[in-house]
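Peer 1: Take a look at this one; I'll ask things after.
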Amino acid sequence: GLEAMTAAAPTRTSGRAVLANRNFAVYFWSATISNAGSFMQGITVPFTLYELTKSNSWVGFGSVAALIPSLLVSPVSGTLSDRFSRREVLLWANALQLVSAIMLTICALADVLSPWLIVGLVGFGSVGAGFQYSAAQSIAAVLLPPEQMLQGVRLNSVGFTAARAVGPAIAGIVLDAWGPATTFTLNAVSFVVVIIGLSF
């Protein structure tokens with residue numbers, strides 16, 4: 001009766017125990033930093049587009065460029081994550097986004113940003129983001145033993161939510177103090193962090 005039910009109950013695992021897993025901890029912290037950088041750019045792009053054009057339409061184009069390409073490649077992303085190493089998929093996806101962030105940084109530092117250039121580079125980075133989503137959401141199944149997987153998925157969601165809260169807040173401070181070039185630079189650095197993390 002009661003003994004059988006207790007034996008059948010799933011083992012509860014604390015978040016601290018899951019983060020004791022070296023591979024998952026490295027991925028969790030580096031991905032959280034990278035996601036915060038992406039959310040910083042998510043604030044910087046519409047701000048910069050409006051500063052350049054004073055047009056709400058361009059702000060809308062920037063949002064479309066950030067979302068539609070990733071949506072279109074998502075089905076392919078899921079297939080790749082099932083057939084190939086999720087680590088490799090994540091490495092290439094973040095590398096694409098790093099290229100986009102570096103180009104935005106260079107153009108901002110050279111003061112040659114234009115609306116079409118921003119939209120194009122954001123769209124290119126969005127392709128990388130689309131390839132990242134499926135692999136990132138299912139990486140816990142690869143890095144953790146079965147008894148820790150549920151808590152790992154929860155921690156992934158917590159990290160993403162924390163990044164969504166912290167990234168825009170930091171972006172507002174940085175934009176006010178140093179301008180878009182610095183936020184684009186920080187976003188590029190955040191991709192370097194996650195690529196190094198995945199390399200380990």
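Here's how to read the names in the structure tokens: chain A, B, ... by the order shown, residue numbers from 1 in each chain, ligand numbers from 1 in the order shown.
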Find the residues near Leu72 of chain A: any atom within 12 Å, counting only C-alpha atoms, skip ones fewer than 2 places away on the same chain, and give them as a list of chain:residue names.

Peer 2: A:Val64, A:Ala65, A:Ala66, A:Leu67, A:Ile68, A:Pro69, A:Ser70, A:Ser74, A:Pro75, A:Val76, A:Ser77, A:Gly78, A:Gly123, A:Ser126, A:Val127, A:Gly128, A:Ala129, A:Gly130, A:Phe131

Peer 1: Restricted to C-alpha atoms, what would the selected residues look like written as a PDB file, in the first residue's frame?

Peer 2:
```pdb
ATOM      1  CA  VAL A  64       9.178  41.707 -37.458  1.00  0.00           C
ATOM      2  CA  ALA A  65      12.832  41.137 -38.384  1.00  0.00           C
ATOM      3  CA  ALA A  66      13.535  39.871 -34.867  1.00  0.00           C
ATOM      4  CA  LEU A  67      10.634  37.402 -34.841  1.00  0.00           C
ATOM      5  CA  ILE A  68       9.629  36.145 -38.298  1.00  0.00           C
ATOM      6  CA  PRO A  69      12.917  34.500 -39.429  1.00  0.00           C
ATOM      7  CA  SER A  70      13.199  32.573 -36.150  1.00  0.00           C
ATOM      8  CA  SER A  74      11.781  26.658 -35.988  1.00  0.00           C
ATOM      9  CA  PRO A  75      10.471  23.425 -37.642  1.00  0.00           C
ATOM     10  CA  VAL A  76      13.898  22.801 -39.165  1.00  0.00           C
ATOM     11  CA  SER A  77      15.485  23.591 -35.804  1.00  0.00           C
ATOM     12  CA  GLY A  78      13.510  20.830 -34.102  1.00  0.00           C
ATOM     13  CA  GLY A 123      16.906  39.344 -39.305  1.00  0.00           C
ATOM     14  CA  SER A 126      16.958  35.937 -35.779  1.00  0.00           C
ATOM     15  CA  VAL A 127      17.736  32.958 -38.006  1.00  0.00           C
ATOM     16  CA  GLY A 128      20.355  31.886 -35.468  1.00  0.00           C
ATOM     17  CA  ALA A 129      17.883  32.409 -32.631  1.00  0.00           C
ATOM     18  CA  GLY A 130      15.347  30.194 -34.399  1.00  0.00           C
ATOM     19  CA  PHE A 131      17.852  27.343 -34.635  1.00  0.00           C
TER      20      PHE A 131
END
```

Peer 1: Please provide the set of residues having any atom within 8 Å of segment 45-56 of chain A, restricted to only C-alpha atoms, with same-chain residues fewer than 5 positions apart removed, written as a list in words.

Peer 2: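 The filter keeps Gly62, Ser63, Ser114, Pro115, Ile118 and Pro180 of chain A.
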
Peer 1: Since we have the selection now, will you write its residues out, keeping N, CA, C and O atoms, as a tab-separated table (two decimals), in the first residue's frame?

Peer 2:
```tsv
chain	number	residue	atom	x	y	z
A	62	GLY	N	11.54	46.45	-37.29
A	62	GLY	CA	12.57	45.85	-36.47
A	62	GLY	C	12.05	44.67	-35.66
A	62	GLY	O	12.72	43.64	-35.53
A	63	SER	N	10.83	44.80	-35.15
A	63	SER	CA	10.22	43.70	-34.39
A	63	SER	C	9.93	42.51	-35.28
A	63	SER	O	10.15	41.36	-34.90
A	114	SER	N	22.02	52.33	-40.47
A	114	SER	CA	20.85	52.81	-41.20
A	114	SER	C	19.69	51.87	-40.88
A	114	SER	O	19.91	50.72	-40.45
A	115	PRO	N	18.45	52.30	-41.08
A	115	PRO	CA	17.31	51.43	-40.75
A	115	PRO	C	17.36	50.08	-41.46
A	115	PRO	O	17.16	49.04	-40.84
A	118	ILE	N	20.11	47.82	-39.99
A	118	ILE	CA	19.72	47.28	-38.69
A	118	ILE	C	18.74	46.13	-38.88
A	118	ILE	O	18.90	45.04	-38.32
A	180	PRO	N	23.84	53.10	-27.92
A	180	PRO	CA	23.59	51.79	-28.52
A	180	PRO	C	24.85	50.97	-28.78
A	180	PRO	O	24.80	49.74	-28.68
```

Peer 1: Which distance in Å separates atom CA of Thr161 of chain A and atom CA of Ala140 of chain A, to one decimal?

Peer 2: 16.7 Å

Peer 1: Can you pull out the residues contacting Gly152 of chain A? Cut-off 9 Å, using only C-alpha atoms, and skip same-chain residues under 5 positions away; I want them as a ChimeraX atom specification.

Peer 2: /A:15,18-19,24,140-141,143-144,157

Peer 1: Write the residues of the selection above to a file with all heavy atoms, as a PDB file, in the first residue's frame.

Peer 2:
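Heads up, here's the output in selection11.pdb:
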```pdb
ATOM      1  N   GLY A  15      17.102  22.464  -6.790  1.00  0.00           N
ATOM      2  CA  GLY A  15      17.828  23.221  -7.800  1.00  0.00           C
ATOM      3  C   GLY A  15      19.318  23.236  -7.522  1.00  0.00           C
ATOM      4  O   GLY A  15      20.129  23.184  -8.445  1.00  0.00           O
ATOM      5  N   VAL A  18      20.866  20.088  -8.819  1.00  0.00           N
ATOM      6  CA  VAL A  18      20.965  20.106 -10.282  1.00  0.00           C
ATOM      7  C   VAL A  18      22.144  20.967 -10.712  1.00  0.00           C
ATOM      8  O   VAL A  18      22.908  20.604 -11.620  1.00  0.00           O
ATOM      9  CB  VAL A  18      19.652  20.629 -10.911  1.00  0.00           C
ATOM     10  CG1 VAL A  18      19.806  20.784 -12.413  1.00  0.00           C
ATOM     11  CG2 VAL A  18      18.503  19.675 -10.603  1.00  0.00           C
ATOM     12  N   LEU A  19      22.319  22.105 -10.076  1.00  0.00           N
ATOM     13  CA  LEU A  19      23.421  23.003 -10.423  1.00  0.00           C
ATOM     14  C   LEU A  19      24.777  22.461  -9.981  1.00  0.00           C
ATOM     15  O   LEU A  19      25.810  22.995 -10.367  1.00  0.00           O
ATOM     16  CB  LEU A  19      23.185  24.392  -9.824  1.00  0.00           C
ATOM     17  CG  LEU A  19      22.061  25.201 -10.490  1.00  0.00           C
ATOM     18  CD1 LEU A  19      21.813  26.494  -9.740  1.00  0.00           C
ATOM     19  CD2 LEU A  19      22.389  25.486 -11.952  1.00  0.00           C
ATOM     20  N   PHE A  24      25.676  21.106 -16.676  1.00  0.00           N
ATOM     21  CA  PHE A  24      24.421  21.863 -16.682  1.00  0.00           C
ATOM     22  C   PHE A  24      24.632  23.252 -16.093  1.00  0.00           C
ATOM     23  O   PHE A  24      24.085  24.235 -16.604  1.00  0.00           O
ATOM     24  CB  PHE A  24      23.328  21.137 -15.905  1.00  0.00           C
ATOM     25  CG  PHE A  24      22.009  21.866 -15.947  1.00  0.00           C
ATOM     26  CD1 PHE A  24      21.167  21.750 -17.040  1.00  0.00           C
ATOM     27  CD2 PHE A  24      21.630  22.697 -14.900  1.00  0.00           C
ATOM     28  CE1 PHE A  24      19.961  22.437 -17.098  1.00  0.00           C
ATOM     29  CE2 PHE A  24      20.426  23.393 -14.948  1.00  0.00           C
ATOM     30  CZ  PHE A  24      19.590  23.264 -16.048  1.00  0.00           C
ATOM     31  N   ALA A 140      18.386  20.005 -21.344  1.00  0.00           N
ATOM     32  CA  ALA A 140      18.410  19.375 -20.022  1.00  0.00           C
ATOM     33  C   ALA A 140      18.367  17.861 -20.131  1.00  0.00           C
ATOM     34  O   ALA A 140      18.968  17.147 -19.318  1.00  0.00           O
ATOM     35  CB  ALA A 140      17.248  19.875 -19.171  1.00  0.00           C
ATOM     36  N   ALA A 141      17.663  17.343 -21.153  1.00  0.00           N
ATOM     37  CA  ALA A 141      17.554  15.892 -21.330  1.00  0.00           C
ATOM     38  C   ALA A 141      18.900  15.264 -21.662  1.00  0.00           C
ATOM     39  O   ALA A 141      19.115  14.072 -21.423  1.00  0.00           O
ATOM     40  CB  ALA A 141      16.544  15.582 -22.434  1.00  0.00           C
ATOM     41  N   LEU A 143      21.997  16.767 -20.653  1.00  0.00           N
ATOM     42  CA  LEU A 143      22.998  17.101 -19.635  1.00  0.00           C
ATOM     43  C   LEU A 143      22.719  16.493 -18.270  1.00  0.00           C
ATOM     44  O   LEU A 143      23.634  16.409 -17.443  1.00  0.00           O
ATOM     45  CB  LEU A 143      23.090  18.625 -19.483  1.00  0.00           C
ATOM     46  CG  LEU A 143      23.554  19.404 -20.715  1.00  0.00           C
ATOM     47  CD1 LEU A 143      23.536  20.899 -20.429  1.00  0.00           C
ATOM     48  CD2 LEU A 143      24.948  18.964 -21.135  1.00  0.00           C
ATOM     49  N   LEU A 144      21.474  16.091 -18.019  1.00  0.00           N
ATOM     50  CA  LEU A 144      21.098  15.665 -16.671  1.00  0.00           C
ATOM     51  C   LEU A 144      20.573  14.229 -16.663  1.00  0.00           C
ATOM     52  O   LEU A 144      19.992  13.771 -17.648  1.00  0.00           O
ATOM     53  CB  LEU A 144      20.011  16.590 -16.115  1.00  0.00           C
ATOM     54  CG  LEU A 144      20.407  18.055 -15.897  1.00  0.00           C
ATOM     55  CD1 LEU A 144      19.176  18.886 -15.581  1.00  0.00           C
ATOM     56  CD2 LEU A 144      21.435  18.171 -14.781  1.00  0.00           C
ATOM     57  N   SER A 157      13.808  27.627 -17.417  1.00  0.00           N
ATOM     58  CA  SER A 157      12.749  28.641 -17.506  1.00  0.00           C
ATOM     59  C   SER A 157      13.022  29.805 -16.554  1.00  0.00           C
ATOM     60  O   SER A 157      12.795  30.967 -16.901  1.00  0.00           O
ATOM     61  CB  SER A 157      11.390  28.009 -17.174  1.00  0.00           C
ATOM     62  OG  SER A 157      11.058  27.016 -18.112  1.00  0.00           O
TER      63      SER A 157
END
```

Peer 1: Could you tell me how far atom CA of Ala110 of chain A sits from atom CA of Val59 of chain A, in Å to one decimal place?

Peer 2: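 Value for the atom CA of Val59 of chain A-atom CA of Ala110 of chain A distance: 21.8 Å.
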
Peer 1: So the first atom is atom CA of Val119 of chain A and the second is atom CA of Cys107 of chain A; what is the distance between them in Å, to one decimal place?

Peer 2: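 For atom CA of Val119 of chain A relative to atom CA of Cys107 of chain A, the distance reads 12.7 Å.
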
Peer 1: Do you know which residues are at most 8 Å from Gln132 of chain A counting only C-alpha atoms, after dropping those on the same chain fewer than 4 positions away, and could you put them as a list in words?

Peer 2: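 Here the answer would be Ser77, Val89, Leu90, Ala93, Asn94, Gly128 and Ala136 of chain A.
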
Peer 1: Using only C-alpha atoms, which protein or nucleic acid residues come within 12 Å of Arg22 of chain A? Drop anything in the same chain fewer than 6 positions from it, and give the result as a list of chain:residue names.

Peer 2: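 After dropping sequence-adjacent residues, the list is A:Arg16, A:Phe28, A:Trp29, A:Leu143, A:Leu144, A:Gly197, A:Leu198, A:Phe200.
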
Peer 1: Now that the selection is made, can you save its residues with C-alpha atoms as a short mmCIF file (atom, residue, chain, number, x, y, z; two decimals), in the first residue's frame?

Peer 2:
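Saved to part01.cif:
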```cif
data_model
loop_
_atom_site.label_atom_id
_atom_site.label_comp_id
_atom_site.auth_asym_id
_atom_site.auth_seq_id
_atom_site.Cartn_x
_atom_site.Cartn_y
_atom_site.Cartn_z
CA ARG A 16 21.12 23.26 -5.87
CA PHE A 28 22.69 27.45 -17.29
CA TRP A 29 24.79 30.47 -16.25
CA LEU A 143 23.00 17.10 -19.64
CA LEU A 144 21.10 15.67 -16.67
CA GLY A 197 30.48 27.63 -22.05
CA LEU A 198 29.30 25.22 -24.76
CA PHE A 200 33.46 23.16 -22.20
#
```

Peer 1: Nearest to Val73 of chain A: which of A:Phe124, A:Tyr27, A:Trp116, A:Phe39 is it, counting only C-alpha atoms?

Peer 2: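 Of A:Phe124, A:Tyr27, A:Trp116, A:Phe39, the one nearest Val73 of chain A, counting only C-alpha atoms, is A:Phe124.
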
Peer 1: Between A:Ser134, A:Ala169, A:Ser14, A:Thr32, which residue has the minimum interatomic distance to Arg87 of chain A, considering only C-alpha atoms?

Peer 2: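 Checking each of A:Ser134, A:Ala169, A:Ser14, A:Thr32 against Arg87 of chain A, counting only C-alpha atoms, the winner is A:Ser134.
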
Peer 1: Compare A:Ala31, A:Ala165, A:Gly60, A:Asn23 by their minimum atom-to-atom distance to Val193 of chain A, counting only C-alpha atoms, and give me the closest one.

Peer 2: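 When distances to Val193 of chain A are compared using only C-alpha atoms, the smallest one comes from A:Ala31.
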